[in-house]
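Listing of start_4.csv, CSV, C-alpha atoms
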chain,number,residue,atom,x,y,z
A,1,MET,CA,0.0,-20.8,22.5
A,2,ILE,CA,1.5,-19.4,19.3
A,3,ARG,CA,5.3,-19.2,19.4
A,4,THR,CA,6.6,-16.0,17.7
A,5,LEU,CA,10.2,-15.7,16.4
A,6,VAL,CA,11.3,-12.1,15.6
A,7,ILE,CA,14.1,-11.5,13.2
A,8,THR,CA,15.6,-8.0,12.8
A,9,ILE,CA,17.0,-7.1,9.4
A,10,GLY,CA,19.5,-4.3,8.9
A,11,LEU,CA,19.3,-1.8,6.1
A,12,SER,CA,22.9,-2.3,4.9
A,13,THR,CA,22.5,-3.5,1.3
A,14,ALA,CA,24.7,-6.5,2.1
A,15,SER,CA,22.6,-7.7,5.0
A,16,VAL,CA,20.0,-10.5,4.6
A,17,ALA,CA,18.2,-12.7,7.1
A,18,SER,CA,20.1,-15.9,8.0
A,19,ALA,CA,18.5,-18.7,6.1
A,20,ASP,CA,17.0,-21.7,7.9
A,21,PRO,CA,17.9,-24.8,6.0
A,22,GLY,CA,14.7,-26.5,7.2
A,23,LEU,CA,12.3,-24.0,5.6
A,24,GLU,CA,10.3,-25.3,2.6
A,25,ALA,CA,10.7,-23.3,-0.6
A,26,PHE,CA,7.7,-21.5,-2.0
A,27,THR,CA,6.1,-22.9,-5.1
A,28,SER,CA,4.3,-19.8,-6.5
A,29,TYR,CA,3.5,-16.2,-5.5
A,30,TYR,CA,0.3,-14.2,-5.5
A,31,ALA,CA,-0.1,-10.5,-4.7
A,32,PHE,CA,-3.2,-9.0,-3.1
A,33,GLY,CA,-3.6,-5.4,-2.2
A,34,ASP,CA,-4.0,-1.8,-3.4
A,35,SER,CA,-2.0,0.7,-5.3
A,36,LEU,CA,1.3,0.0,-3.5
A,37,SER,CA,1.2,-3.5,-4.8
A,38,GLN,CA,-0.5,-3.0,-8.2
A,39,ASP,CA,1.4,-3.6,-11.4
A,40,ASP,CA,0.5,-2.1,-14.8
A,41,LYS,CA,-3.3,-2.3,-14.7
A,42,LEU,CA,-4.2,1.3,-15.3
A,43,PRO,CA,-2.7,2.9,-18.4
A,44,GLN,CA,-4.9,6.0,-17.9
A,45,LEU,CA,-2.6,7.2,-15.1
A,46,THR,CA,-0.7,10.4,-15.7
A,47,PRO,CA,3.1,11.0,-15.6
A,48,PRO,CA,5.3,10.1,-13.9
A,49,SER,CA,3.4,6.8,-13.7
A,50,LEU,CA,5.3,3.9,-15.3
A,51,ASP,CA,2.9,2.2,-17.7
A,52,GLY,CA,-0.1,2.3,-15.5
A,53,ARG,CA,1.5,1.9,-12.1
A,54,PHE,CA,1.0,4.2,-9.1
A,55,SER,CA,4.8,4.8,-9.1
A,56,SER,CA,7.5,6.1,-11.5
A,57,GLY,CA,9.0,2.5,-11.5
A,58,ARG,CA,8.1,-1.1,-11.0
A,59,VAL,CA,6.5,-1.9,-7.6
A,60,TRP,CA,7.8,-4.2,-4.8
A,61,THR,CA,5.5,-7.1,-5.7
A,62,GLU,CA,7.0,-7.2,-9.2
A,63,TYR,CA,10.6,-7.5,-7.9
A,64,LEU,CA,9.4,-10.4,-5.7
A,65,ALA,CA,7.6,-12.0,-8.6
A,66,ASP,CA,10.7,-11.8,-10.7
A,67,VAL,CA,12.4,-14.4,-8.5
A,68,PHE,CA,9.5,-16.8,-9.0
A,69,ASN,CA,9.3,-16.1,-12.7
A,70,ASP,CA,13.0,-16.7,-13.2
A,71,ALA,CA,12.4,-20.1,-11.5
A,72,GLY,CA,9.5,-20.9,-13.8
A,73,LYS,CA,7.0,-20.6,-11.0
A,74,ASP,CA,3.4,-19.2,-11.3
A,75,THR,CA,2.8,-15.6,-10.2
A,76,ARG,CA,-0.3,-13.5,-10.4
A,77,ASN,CA,-1.0,-9.9,-9.3
A,78,PHE,CA,-4.6,-9.2,-8.1
A,79,ALA,CA,-3.8,-5.9,-6.5
A,80,LEU,CA,-5.6,-2.7,-7.7
A,81,GLY,CA,-5.2,1.0,-6.9
A,82,GLY,CA,-8.0,2.2,-4.6
A,83,ALA,CA,-8.9,-1.3,-3.4
A,84,THR,CA,-10.1,-1.7,0.1
A,85,ALA,CA,-9.9,-4.4,2.7
A,86,GLY,CA,-13.6,-4.0,3.5
A,87,ALA,CA,-16.6,-4.5,1.3
A,88,GLU,CA,-17.3,-0.8,0.9
A,89,ASN,CA,-15.3,1.1,-1.7
A,90,THR,CA,-16.1,4.5,-3.0
A,91,THR,CA,-13.2,4.7,-5.5
A,92,PRO,CA,-14.8,6.1,-8.8
A,93,TYR,CA,-13.3,3.6,-11.3
A,94,GLU,CA,-15.8,4.8,-13.9
A,95,GLY,CA,-13.7,7.9,-14.1
A,96,PHE,CA,-11.1,5.9,-16.1
A,97,PHE,CA,-13.7,5.3,-18.8
A,98,PRO,CA,-15.7,8.5,-19.4
A,99,ALA,CA,-19.1,8.0,-21.0
A,100,PRO,CA,-20.1,7.1,-23.5
A,101,ARG,CA,-18.3,3.8,-22.9
A,102,THR,CA,-17.7,1.1,-25.5
A,103,PRO,CA,-18.7,-2.5,-24.6
A,104,ALA,CA,-15.0,-3.3,-24.2
A,105,GLN,CA,-14.6,-0.4,-21.7
A,106,ASP,CA,-17.7,-1.7,-19.8
A,107,ALA,CA,-16.0,-5.1,-19.6
A,108,GLN,CA,-12.8,-3.5,-18.4
A,109,LEU,CA,-14.6,-1.5,-15.8
A,110,ALA,CA,-16.4,-4.6,-14.5
A,111,GLN,CA,-13.0,-6.3,-14.2
A,112,LEU,CA,-11.7,-3.5,-12.1
A,113,ARG,CA,-14.7,-3.4,-9.8
A,114,ALA,CA,-14.4,-7.2,-9.4
A,115,ILE,CA,-11.0,-6.8,-7.7
A,116,SER,CA,-11.7,-3.5,-5.9
A,117,THR,CA,-11.9,-5.3,-2.5
A,118,PHE,CA,-9.9,-8.0,-0.7
A,119,ASP,CA,-12.9,-10.3,-0.9
A,120,GLY,CA,-13.3,-9.6,-4.6
A,121,GLN,CA,-9.6,-10.3,-5.2
A,122,VAL,CA,-9.9,-13.6,-3.3
A,123,GLN,CA,-13.0,-14.6,-5.4
A,124,VAL,CA,-11.2,-13.9,-8.7
A,125,ALA,CA,-8.1,-15.7,-7.5
A,126,GLN,CA,-10.1,-18.8,-6.5
A,127,ALA,CA,-11.7,-18.8,-9.9
A,128,THR,CA,-8.5,-18.4,-11.9
A,129,ILE,CA,-5.6,-20.1,-10.1
A,130,PRO,CA,-5.5,-23.7,-11.4
A,131,ASP,CA,-2.8,-25.1,-9.2
A,132,PRO,CA,-0.7,-23.0,-6.8
A,133,GLY,CA,1.6,-25.9,-5.8
A,134,ASP,CA,1.8,-27.2,-2.3
A,135,ASN,CA,3.5,-24.1,-0.8
A,136,PRO,CA,2.4,-20.8,-2.4
A,137,LEU,CA,3.3,-17.4,-0.9
A,138,VAL,CA,0.6,-14.8,-0.7
A,139,SER,CA,1.3,-11.1,0.0
A,140,VAL,CA,-1.4,-8.9,1.6
A,141,LEU,CA,-1.2,-5.1,1.8
A,142,PHE,CA,-4.5,-3.3,2.5
A,143,GLY,CA,-5.8,-0.6,4.8
A,144,ALA,CA,-4.8,2.8,3.5
A,145,ASN,CA,-7.9,3.3,1.3
A,146,ASP,CA,-10.2,2.2,4.1
A,147,ILE,CA,-8.7,5.0,6.1
A,148,PHE,CA,-8.7,7.5,3.3
A,149,GLN,CA,-12.3,6.9,2.6
A,150,LYS,CA,-13.7,6.7,6.1
A,151,LEU,CA,-11.5,8.6,8.4
A,152,PRO,CA,-12.9,12.1,7.5
A,153,ASN,CA,-16.4,11.0,8.5
A,154,VAL,CA,-15.2,9.3,11.6
A,155,VAL,CA,-13.5,12.5,12.7
A,156,ALA,CA,-16.4,14.7,11.7
A,157,GLU,CA,-18.7,12.6,13.8
A,158,ALA,CA,-16.4,12.7,16.8
A,159,LEU,CA,-16.2,16.5,16.6
A,160,ASN,CA,-20.0,16.7,16.5
A,161,THR,CA,-20.4,17.3,20.3
A,162,SER,CA,-21.2,20.3,22.4
A,163,ASP,CA,-18.6,19.2,25.0
A,164,PRO,CA,-15.0,19.8,23.8
A,165,LEU,CA,-13.7,17.5,26.6
A,166,GLU,CA,-15.4,14.6,24.9
A,167,ILE,CA,-13.6,15.0,21.6
A,168,PRO,CA,-10.3,13.1,22.3
A,169,GLY,CA,-12.2,10.1,23.6
A,170,ARG,CA,-14.7,10.2,20.7
A,171,VAL,CA,-11.9,10.5,18.2
A,172,ALA,CA,-9.9,7.6,19.8
A,173,ALA,CA,-13.1,5.4,19.8
A,174,GLY,CA,-13.9,6.2,16.2
A,175,ILE,CA,-10.4,5.5,15.0
A,176,GLY,CA,-10.2,2.3,17.0
A,177,ALA,CA,-13.5,1.1,15.5
A,178,LEU,CA,-12.2,1.8,12.0
A,179,ALA,CA,-9.0,0.0,12.7
A,180,SER,CA,-10.8,-3.1,14.0
A,181,GLU,CA,-13.2,-3.1,11.1
A,182,THR,CA,-10.4,-2.9,8.5
A,183,VAL,CA,-8.2,-5.4,10.2
A,184,GLY,CA,-11.1,-7.8,10.6
A,185,SER,CA,-11.7,-7.7,6.8
A,186,ILE,CA,-8.0,-8.5,6.2
A,187,VAL,CA,-8.2,-11.5,8.6
A,188,SER,CA,-11.5,-12.6,7.0
A,189,GLY,CA,-9.9,-12.5,3.5
A,190,ILE,CA,-6.9,-14.5,4.6
A,191,ASN,CA,-9.1,-17.2,6.2
A,192,LYS,CA,-11.4,-17.3,3.1
A,193,LEU,CA,-8.5,-17.9,0.7
A,194,HIS,CA,-7.2,-20.6,3.0
A,195,ALA,CA,-10.6,-22.2,3.3
A,196,GLY,CA,-10.9,-22.4,-0.4
A,197,ASN,CA,-7.6,-24.2,-0.8
A,198,ASP,CA,-5.6,-25.2,2.3
A,199,ALA,CA,-2.4,-25.0,0.3
A,200,PHE,CA,-2.7,-21.2,0.9
A,201,ASP,CA,-1.2,-21.2,4.4
A,202,ASP,CA,1.8,-18.9,4.0
A,203,PHE,CA,1.0,-15.2,4.1
A,204,LEU,CA,3.3,-12.2,4.0
A,205,VAL,CA,1.3,-9.3,5.6
A,206,VAL,CA,2.6,-5.8,5.3
A,207,ASN,CA,1.5,-3.1,7.8
A,208,LEU,CA,0.9,0.5,7.0
A,209,ALA,CA,3.4,3.3,6.8
A,210,ASP,CA,2.6,6.4,8.8
A,211,ILE,CA,0.2,8.1,6.4
A,212,SER,CA,0.9,11.5,8.0
A,213,LYS,CA,4.4,11.3,6.6
A,214,THR,CA,3.0,11.6,3.0
A,215,PRO,CA,2.7,15.0,1.3
A,216,ALA,CA,-1.1,14.7,1.3
A,217,PHE,CA,-1.2,15.0,5.1
A,218,GLY,CA,1.8,17.3,5.6
A,219,ALA,CA,2.6,20.9,4.9
A,220,TRP,CA,2.1,20.5,1.2
A,221,GLY,CA,-1.3,19.0,1.6
A,222,ILE,CA,-2.4,21.7,4.1
A,223,GLY,CA,-1.2,24.3,1.6
A,224,ALA,CA,-3.0,22.7,-1.3
A,225,ALA,CA,-6.2,22.5,0.8
A,226,GLN,CA,-5.9,26.2,1.8
A,227,ALA,CA,-5.4,27.1,-1.9
A,228,GLU,CA,-8.5,25.2,-2.9
A,229,LEU,CA,-10.6,26.8,-0.2
A,230,ASP,CA,-9.3,30.3,-1.2
A,231,ALA,CA,-10.1,29.6,-4.9
A,232,LEU,CA,-13.6,28.4,-4.1
A,233,ILE,CA,-14.3,31.5,-2.0
A,234,THR,CA,-12.9,33.8,-4.7
A,235,ALA,CA,-15.0,32.1,-7.4
A,236,GLY,CA,-18.2,32.4,-5.3
A,237,ALA,CA,-18.6,28.6,-5.3
A,238,PRO,CA,-21.7,27.0,-3.7
A,239,LEU,CA,-21.7,27.1,0.1
A,240,ASP,CA,-21.7,23.4,0.4
A,241,ASP,CA,-18.5,23.2,-1.6
A,242,ILE,CA,-16.8,25.9,0.5
A,243,ARG,CA,-17.9,24.1,3.7
A,244,ALA,CA,-16.5,20.8,2.5
A,245,ALA,CA,-13.2,22.4,1.6
A,246,ALA,CA,-13.1,24.1,5.0
A,247,ILE,CA,-13.7,20.8,6.8
A,248,GLN,CA,-10.9,19.1,4.7
A,249,LEU,CA,-8.5,21.9,5.7
A,250,GLU,CA,-9.4,21.6,9.4
A,251,PHE,CA,-9.0,17.8,9.1
A,252,LEU,CA,-5.5,18.1,7.7
A,253,SER,CA,-4.4,20.8,10.1
A,254,ALA,CA,-5.3,18.8,13.3
A,255,ASP,CA,-2.6,18.2,15.8
A,256,PRO,CA,-1.9,15.4,16.6
A,257,SER,CA,-2.5,14.3,13.0
A,258,PHE,CA,-5.6,12.2,12.7
A,259,ALA,CA,-3.8,10.2,9.9
A,260,LYS,CA,-1.0,9.4,12.3
A,261,LEU,CA,-3.4,8.2,15.0
A,262,ALA,CA,-5.2,6.1,12.4
A,263,SER,CA,-2.0,4.5,11.1
A,264,LEU,CA,-0.8,3.6,14.6
A,265,ALA,CA,-4.2,2.2,15.6
A,266,PHE,CA,-4.3,0.1,12.4
A,267,ASN,CA,-0.8,-1.4,13.0
A,268,GLU,CA,-1.4,-2.1,16.6
A,269,THR,CA,-4.7,-3.8,15.8
A,270,LEU,CA,-3.2,-5.8,13.0
A,271,ALA,CA,-0.4,-7.0,15.2
A,272,ALA,CA,-2.9,-8.1,17.9
A,273,ALA,CA,-5.1,-9.8,15.3
A,274,LEU,CA,-2.3,-11.8,13.7
A,275,ALA,CA,-1.3,-12.9,17.2
A,276,GLY,CA,-4.9,-14.0,17.9
A,277,VAL,CA,-5.5,-11.5,20.7
A,278,ALA,CA,-7.6,-8.8,19.1
A,279,PRO,CA,-11.0,-8.5,20.8
A,280,GLY,CA,-13.9,-8.8,18.4
A,281,ILE,CA,-11.8,-10.0,15.4
A,282,GLU,CA,-12.0,-13.6,14.2
A,283,THR,CA,-8.9,-15.6,14.7
A,284,LEU,CA,-6.8,-17.0,11.9
A,285,ASP,CA,-7.0,-20.7,11.1
A,286,GLU,CA,-4.4,-22.5,13.2
A,287,ASP,CA,-2.7,-23.9,10.0
A,288,ILE,CA,-2.1,-20.4,8.6
A,289,GLN,CA,1.5,-19.0,9.0
A,290,ILE,CA,2.1,-15.3,8.9
A,291,SER,CA,5.2,-13.2,8.2
A,292,VAL,CA,4.8,-9.5,8.9
A,293,PHE,CA,6.9,-6.9,7.1
A,294,ASP,CA,7.2,-3.6,9.0
A,295,GLN,CA,6.7,-1.1,6.2
A,296,ALA,CA,6.1,1.6,8.8
A,297,ALA,CA,9.7,1.3,10.2
A,298,PHE,CA,11.2,0.9,6.8
A,299,LEU,CA,9.7,4.0,5.3
A,300,GLU,CA,10.2,6.2,8.4
A,301,ASP,CA,13.9,5.4,8.2
A,302,PHE,CA,14.2,5.6,4.5
A,303,ILE,CA,12.5,9.0,4.3
A,304,ALA,CA,15.0,10.4,6.8
A,305,THR,CA,17.9,8.9,4.9
A,306,SER,CA,16.6,10.1,1.5
A,307,ALA,CA,16.2,13.6,2.8
A,308,LEU,CA,19.9,13.6,4.0
A,309,ASN,CA,20.8,12.6,0.4
A,310,GLY,CA,19.0,15.5,-1.2
A,311,ILE,CA,15.8,13.8,-2.1
A,312,ASN,CA,12.6,15.9,-1.9
A,313,VAL,CA,10.5,14.1,0.7
A,314,SER,CA,7.9,16.8,1.4
A,315,GLU,CA,6.5,17.6,-2.0
A,316,PRO,CA,5.2,15.2,-4.7
A,317,CYS,CA,6.3,15.0,-8.3
A,318,THR,CA,2.7,15.4,-9.3
A,319,PRO,CA,-0.4,16.1,-7.2
A,320,SER,CA,-2.2,13.0,-8.4
A,321,PHE,CA,-1.6,10.1,-10.7
A,322,THR,CA,-5.4,9.9,-11.4
A,323,ALA,CA,-6.1,13.6,-12.1
A,324,ASN,CA,-4.2,15.3,-14.8
A,325,ALA,CA,-3.7,18.8,-13.5
A,326,GLY,CA,-1.0,19.6,-16.0
A,327,ILE,CA,1.6,19.7,-13.1
A,328,SER,CA,4.4,17.2,-12.9
A,329,CYS,CA,8.1,17.3,-12.2
A,330,VAL,CA,8.7,15.3,-15.4
A,331,TYR,CA,7.0,17.7,-17.8
A,332,VAL,CA,9.4,19.7,-20.1
A,333,THR,CA,7.9,23.0,-21.1
A,334,ASP,CA,8.7,25.8,-23.6
A,335,ASP,CA,9.0,29.4,-22.7
A,336,ALA,CA,5.2,29.8,-22.9
A,337,GLY,CA,4.6,27.0,-20.5
A,338,ASN,CA,3.4,24.5,-23.0
A,339,ILE,CA,4.3,20.8,-22.4
A,340,ILE,CA,6.7,19.6,-25.1
A,341,GLY,CA,8.1,16.5,-23.6
A,342,LEU,CA,8.8,14.3,-20.6
A,343,ASP,CA,12.0,13.9,-18.5
A,344,LEU,CA,11.0,10.8,-16.5
A,345,PRO,CA,14.3,10.4,-14.5
A,346,GLN,CA,13.4,13.7,-12.8
A,347,ALA,CA,10.8,11.8,-10.7
A,348,GLU,CA,13.6,10.0,-8.9
A,349,ASN,CA,14.5,13.3,-7.2
A,350,PHE,CA,11.3,13.0,-5.3
A,351,PHE,CA,10.4,10.4,-2.6
A,352,PHE,CA,6.7,10.6,-3.6
A,353,GLY,CA,5.4,10.3,-7.1
A,354,ASP,CA,2.1,11.8,-6.1
A,355,SER,CA,0.7,13.0,-2.8
A,356,VAL,CA,0.6,9.5,-1.2
A,357,HIS,CA,2.6,7.0,-3.5
A,358,PRO,CA,6.4,6.5,-3.4
A,359,THR,CA,8.5,6.7,-6.5
A,360,GLY,CA,10.4,3.9,-8.2
A,361,PHE,CA,13.6,3.9,-6.2
A,362,VAL,CA,11.6,3.5,-3.0
A,363,GLN,CA,9.5,0.7,-4.4
A,364,GLU,CA,12.7,-1.0,-5.6
A,365,GLU,CA,14.3,-0.9,-2.1
A,366,PHE,CA,11.0,-2.1,-0.6
A,367,GLY,CA,11.2,-5.1,-2.9
A,368,ARG,CA,14.8,-5.8,-2.1
A,369,ARG,CA,14.1,-5.8,1.6
A,370,VAL,CA,11.2,-8.2,1.3
A,371,ILE,CA,13.2,-10.6,-0.9
A,372,ALA,CA,16.1,-10.5,1.6
A,373,SER,CA,13.7,-11.2,4.5
A,374,LEU,CA,12.4,-14.3,2.7
A,375,GLU,CA,15.7,-15.8,1.8
A,376,GLY,CA,15.7,-19.5,2.5
A,377,GLN,CA,12.2,-20.0,1.1
A,378,MET,CA,12.6,-18.4,-2.3
A,379,PRO,CA,12.4,-20.9,-5.3
A,380,ALA,CA,15.8,-19.8,-6.7
A,381,PRO,CA,18.9,-17.9,-5.6
A,382,VAL,CA,17.8,-14.4,-4.9
A,383,PRO,CA,18.9,-12.0,-7.7
A,384,LEU,CA,18.6,-8.7,-5.8
A,385,PRO,CA,18.1,-5.8,-8.2
A,386,ALA,CA,21.0,-3.5,-8.7
A,387,GLY,CA,21.1,-0.8,-6.0
A,388,LEU,CA,21.1,3.0,-6.5
A,389,PRO,CA,24.0,5.1,-5.2
A,390,LEU,CA,21.7,6.4,-2.5
A,391,LEU,CA,21.2,2.9,-1.1
A,392,VAL,CA,24.9,2.2,-0.3
A,393,VAL,CA,24.8,4.7,2.6
A,394,GLY,CA,25.0,2.9,5.9
A,395,LEU,CA,21.6,2.8,7.5
A,396,GLY,CA,20.3,1.6,10.8
A,397,ALA,CA,18.0,-1.3,11.6
A,398,PHE,CA,14.7,-0.7,9.9
A,399,GLY,CA,12.1,-3.3,10.8
A,400,LEU,CA,11.0,-6.7,11.8
A,401,ILE,CA,9.9,-9.9,10.3
A,402,ALA,CA,7.6,-11.7,12.7
A,403,ARG,CA,6.9,-15.4,11.9
A,404,ARG,CA,4.1,-17.5,13.3
A,405,LYS,CA,4.7,-21.3,13.4
A,406,THR,CA,7.7,-21.8,11.1
A,407,LYS,CA,6.9,-24.5,8.5
A,408,ARG,CA,9.5,-27.2,8.2
A,409,ALA,CA,10.2,-29.3,5.2
A,410,ALA,CA,9.0,-32.9,5.4
Could you quickly redo this structure as structure tokens?
Amino acid sequence: MIRTLVITIGLSTASVASADPGLEAFTSYYAFGDSLSQDDKLPQLTPPSLDGRFSSGRVWTEYLADVFNDAGKDTRNFALGGATAGAENTTPYEGFFPAPRTPAQDAQLAQLRAISTFDGQVQVAQATIPDPGDNPLVSVLFGANDIFQKLPNVVAEALNTSDPLEIPGRVAAGIGALASETVGSIVSGINKLHAGNDAFDDFLVVNLADISKTPAFGAWGIGAAQAELDALITAGAPLDDIRAAAIQLEFLSADPSFAKLASLAFNETLAAALAGVAPGIETLDEDIQISVFDQAAFLEDFIATSALNGINVSEPCTPSFTANAGISCVYVTDDAGNIIGLDLPQAENFFFGDSVHPTGFVQEEFGRRVIASLEGQMPAPVPLPAGLPLLVVGLGAFGLIARRKTKRAA
């Protein structure tokens, strides 16, 4: 029987978890995941991206890595935007290197594809990490891209029935299967990394935020989808393109939100799998110890608080970091509408940098909370980044850190 200890952390900037003096300090840190964890790997991204990040500022994994770097410990970031937990990934990375590509660009594209899945990141890590020490920390955050890429087809298949009464059950079954498949890939990746080197036995796993809270799946996304459909109809676009746009609009307009249902199913399945009670999903090796950071609770509360403090939480600064549509809150234009400069601080007036990714101040607070939750096992005194004025507002409890089998120092 696995004993679970639940620690609740408050959102007051002065609050941290009480340290257990018996916990062994981490010796290194390695980040695995997707765009929420990726550092400056994609300089092709458009404003307000900070130096190739899917954010207007540094991301949470970098704040965590700072603590290790300041202590002279090894850190690596294998995360990549668009990466999936599962082996299938339809992210068009070739779009970052339009043809004709140079040999150097071909090599860069190959490097991106090599880390475009959790299994790929594990393989690269196993080939490149010389010595993680005896107590490395590994963070794992996947799942959103598996849902983005597969959920529309899951829903379309569920709706393909002549009996409307069957639809709720078919949708639930399809979403449940997608959650199990995605979580199963996460568990498999954790086990594989541990099997390659049993020093990798401490994992910080982050669940998913409610995807339906992002602009892409809210009123802004529905409006954008409607505008795209209207434009295609007006332009006399091919029928297949119009049909695809209509399906996308129907998908986004569903109530309850398919994205919300998928997020909940994923988090419930992840919790069950990490506790070893998820049917059909392999169990974690008994020596593996898991901490779970509740991103869902954190972002739900932080969105509400940010809105009260005048932050725009319903619209993105730019529609997409990957597609330059000439629209961004940071563009400075002349009277004719020509872009003549950038006002990057404007991005911090928005909760979301693009339709699904949070801006810099959100990532900073994310990192602060993760660091606070791990106090007692960090390799040096925790230098929490300076807070923004917004963050000193009193906030309620935001989440949980669940620990399996606390490791004790010898």
Judged by all atoms listed in the file, the minimum distance to Ile190 of chain A among A:Ile129, A:Ile167, A:Leu141, A:Ala173 is found for A:Leu141
Rank nothing, just name the residue among A:Trp60, A:Phe26, A:Phe32, A:Phe203 nearest to Phe366 of chain A, using only C-alpha atoms. A:Trp60
Just how far from atom CA of Gln149 of chain A is atom CA of Ile211 of chain A, in Å to one decimal?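 These two atoms are separated by 13.1 Å.
Checking A:Gln363, A:Asn197, A:Ser320, A:Ser257 one by one against Ile288 of chain A, counting all atoms listed in the file, you find the shortest gap at A:Asn197.
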Excluding Asp354 of chain A and residues on its chain fewer than 4 positions from it, collect all residues at most 10 Å away from it, counting only C-alpha atoms, and give them as a list in words. Pro47, Pro48, Ser49, Phe54, Ser55, Ser56, Thr214, Pro215, Ala216, Glu315, Pro316, Cys317, Thr318, Pro319, Ser320, Phe321, Thr322, Ser328, Ala347, Phe350, Pro358 and Thr359 of chain A
Kindly indicate which residue among A:Asn145, A:Ser212, A:Thr46, A:Gln38 lies nearest to Lys260 of chain A, using only C-alpha atoms for the distances.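 Looking only at the distances to Lys260 of chain A, the closest residue turns out to be A:Ser212.
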Please, which residues are within 10 Å of (-10.6, -1.0, -5.5) by the file's coordinates, counting all atoms listed in the file, and could they come as a VMD selection string? chain A and resid 33 to 35 79 to 93 112 to 118 120 to 121 145
Nearest residue to Leu178 of chain A from the set A:Leu264, A:Leu193, A:Ala225, A:Val205 (distances using only C-alpha atoms): A:Leu264
Please list as a list in words every residue within 6 Å of Asn207 of chain A, counting only C-alpha atoms and excluding residues in the same chain fewer than 6 positions away. Asn267, Asp294 and Gln295 of chain A
For Lys192 of chain A, list every protein, DNA or RNA residue within 10 Å, evaluated using only C-alpha atoms, and leave out those in the same chain fewer than 6 positions away; present the list as a PyMOL selection string. chain A and resi 119+122-123+126+186+198+200+284-285
Please indicate the distance in Å from atom CA of Leu64 of chain A to atom CA of Leu36 of chain A, rounded to one decimal place. 13.4 Å
Under the rule that all atoms listed in the file are counted, which of A:Phe78, A:Phe352, A:Phe142, A:Phe97 is the nearest residue to Phe266 of chain A? A:Phe142
Grab the atom CA of Ser314 of chain A to atom CA of Lys213 of chain A distance for me, in Å with one decimal place.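 Interatomic distance, atom CA of Ser314 of chain A to atom CA of Lys213 of chain A: 8.3 Å.
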Export segment 60-64 of chain A, all heavy atoms, as a tab-separated table (two decimals), in the first residue's frame; it's the structure right above.
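Below is the file that was written, out-v3.tsv:
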chain	number	residue	atom	x	y	z
A	60	TRP	N	8.63	28.62	-16.09
A	60	TRP	CA	8.75	28.14	-14.71
A	60	TRP	C	9.93	27.21	-14.50
A	60	TRP	O	10.58	27.24	-13.44
A	60	TRP	CB	7.46	27.47	-14.28
A	60	TRP	CG	7.19	26.12	-14.92
A	60	TRP	CD1	6.64	25.90	-16.15
A	60	TRP	CD2	7.46	24.84	-14.35
A	60	TRP	NE1	6.56	24.55	-16.39
A	60	TRP	CE2	7.05	23.88	-15.31
A	60	TRP	CE3	8.00	24.40	-13.15
A	60	TRP	CZ2	7.16	22.50	-15.09
A	60	TRP	CZ3	8.12	23.04	-12.92
A	60	TRP	CH2	7.71	22.11	-13.88
A	61	THR	N	10.24	26.40	-15.50
A	61	THR	CA	11.36	25.46	-15.34
A	61	THR	C	12.69	26.20	-15.24
A	61	THR	O	13.63	25.70	-14.60
A	61	THR	CB	11.42	24.49	-16.53
A	61	THR	OG1	11.43	25.23	-17.76
A	61	THR	CG2	10.21	23.56	-16.53
A	62	GLU	N	12.78	27.38	-15.85
A	62	GLU	CA	14.02	28.15	-15.76
A	62	GLU	C	14.22	28.74	-14.38
A	62	GLU	O	15.36	28.83	-13.89
A	62	GLU	CB	14.01	29.25	-16.82
A	62	GLU	CG	14.05	28.70	-18.25
A	62	GLU	CD	14.00	29.80	-19.29
A	62	GLU	OE1	12.91	30.38	-19.50
A	62	GLU	OE2	15.05	30.09	-19.89
A	63	TYR	N	13.13	29.17	-13.74
A	63	TYR	CA	13.26	29.68	-12.37
A	63	TYR	C	13.71	28.56	-11.43
A	63	TYR	O	14.53	28.77	-10.53
A	63	TYR	CB	11.93	30.27	-11.90
A	63	TYR	CG	11.58	31.57	-12.57
A	63	TYR	CD1	10.55	31.63	-13.51
A	63	TYR	CD2	12.28	32.74	-12.30
A	63	TYR	CE1	10.22	32.83	-14.14
A	63	TYR	CE2	11.98	33.93	-12.92
A	63	TYR	CZ	10.95	33.97	-13.85
A	63	TYR	OH	10.64	35.15	-14.48
A	64	LEU	N	13.18	27.37	-11.66
A	64	LEU	CA	13.59	26.22	-10.85
A	64	LEU	C	15.05	25.88	-11.13
A	64	LEU	O	15.83	25.60	-10.21
A	64	LEU	CB	12.67	25.03	-11.16
A	64	LEU	CG	12.89	23.73	-10.39
A	64	LEU	CD1	12.88	23.98	-8.89
A	64	LEU	CD2	11.81	22.71	-10.76
